[in-house]
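Report on the following structure.
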Protein chains: 2
Amino acid sequence: MLTATGRLLLEEGLPAVTFDRVAREAGSSKVTLYKWWPSPGALAAEAYFARSARVLTFPDTGDLRADLVTQLTAFVRLMTHEGAAAPVSQLVGAAQTDPHVARAWAEGYAQPRRELARERLRAAQRQGQLRADADLDIVVDHLWGACYHRLLVLRVPFDEALVPRLVDQALRGAAPQG
Amino acid sequence: MLTATGRLLLEEGLPAVTFDRVAREAGSSKVTLYKWWPSPGALAAEAYFARSARVLTFPDTGDLRADLVTQLTAFVRLMTHEGAAAPVSQLVGAAQTDPHVARAWAEGYAQPRRELARERLRAAQRQGQLRADADLDIVVDHLWGACYHRLLVLRVPFDEALVPRLVDQALRGAAPQG
């Protein structure tokens, strides 16, 4: 059911994710869907988490900068080349007015993804690749939040060329050193 | 009309902003509203820009860090203490599916606000308070984008205590210096 939902979401967008349609595509019953998910939006958020999990893995080669560039490039490509920009925008958009989608998106996708990012950042901090007093949640805001800012708020195009500059500026800062 | 719309938006949220209601509150005619704005969402975005402009002025005392803390604190307080979080979320949410709101929000609010931020950052860059190779649009993403990230995507509470840490990490970076 998650696979069918993920495909529908990426190919046709959030409006296509109805319990009727998913039941038909997945060969399951609507009763089962109602039993497991409070709303189609909740199902869509979980399906997007499942669908994107493999692509959005956090590598750990020991080189934080390289690993962040790898992961964020995959994230940006998912948006720009694999059609996730529209369904993600629709999910976050719906989350602003629909409490079911809000909870599903935040608790089923955004916050768990942040925890995965924190894990990788904590490992880097232990190895001295991030300052001991660096705020890891702010690093998350600075990297992935910047992409969402352009996607949702500014609504300007961006591509993977942004990624190395975004990572370098998050790590080195914008002010002169010293 | 902008004043009446701004009040409605902040007190009752985006659904209250209809041409009927604004015409009644402002003592104007719906014909006039239709002549000037393509949709209530467009009117709401412009009213929010007008309403927030005075509060969100960029000071220039010559000290970039202090000025950014002042401006971002005003921005965060507007969200958390003056009721802007809900209407802003609703506007950005609607922008994801309604092309009229999308254009009004991005072109009538978010992108003009970014240009105002850039002006202040360019002055700081000329004075050597930002590196010559710092990307000013990324600074904007790192500061205001981080707040929107928590508001819209993560949907976690935040307050003005976040601001100095956000500014310092954007300026100094998260990695050890040197």
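Here, A, B, ... name the chains of the structure tokens in the order displayed, residue numbers run from 1 inside each chain, and ligands are numbered from 1 in the same displayed order.
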query: Mind listing as a ChimeraX atom specification which residues of chain A are within 9 Å of chain B, counting only C-alpha atoms?
result: /A:86,89-97,102-103,105-107,109-111,114,125,128-136,138-150,152-156,165-166,168-178
- request: Mind the document's chain letters and residue numbers, and return as a PyMOL selection string the residues of chain A that DSSP labels helix (DSSP H, G or I).
  value: chain A and resi 2-12+14-16+19-26+30-36+40-53+64-80+85-95+99-126+136-154+162-172
query: Do you know which residues are at most 9 Å from range 24-29 of chain A counting only C-alpha atoms, after dropping those on the same chain fewer than 4 positions away, and could you put them as a VMD selection string?
result: chain A and resid 1 to 5 8 19 to 20 33 to 34
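Going from CA of Lys30 in chain B over to CA of Ala16 in chain B, you cover 15.1 Å.
CA of Ser52 in chain A sits 20.3 Å away from CA of Ser39 in chain A.
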query: By how many Å are CA of Pro157 in chain A and CA of Leu78 in chain A apart?
result: 13.9 Å
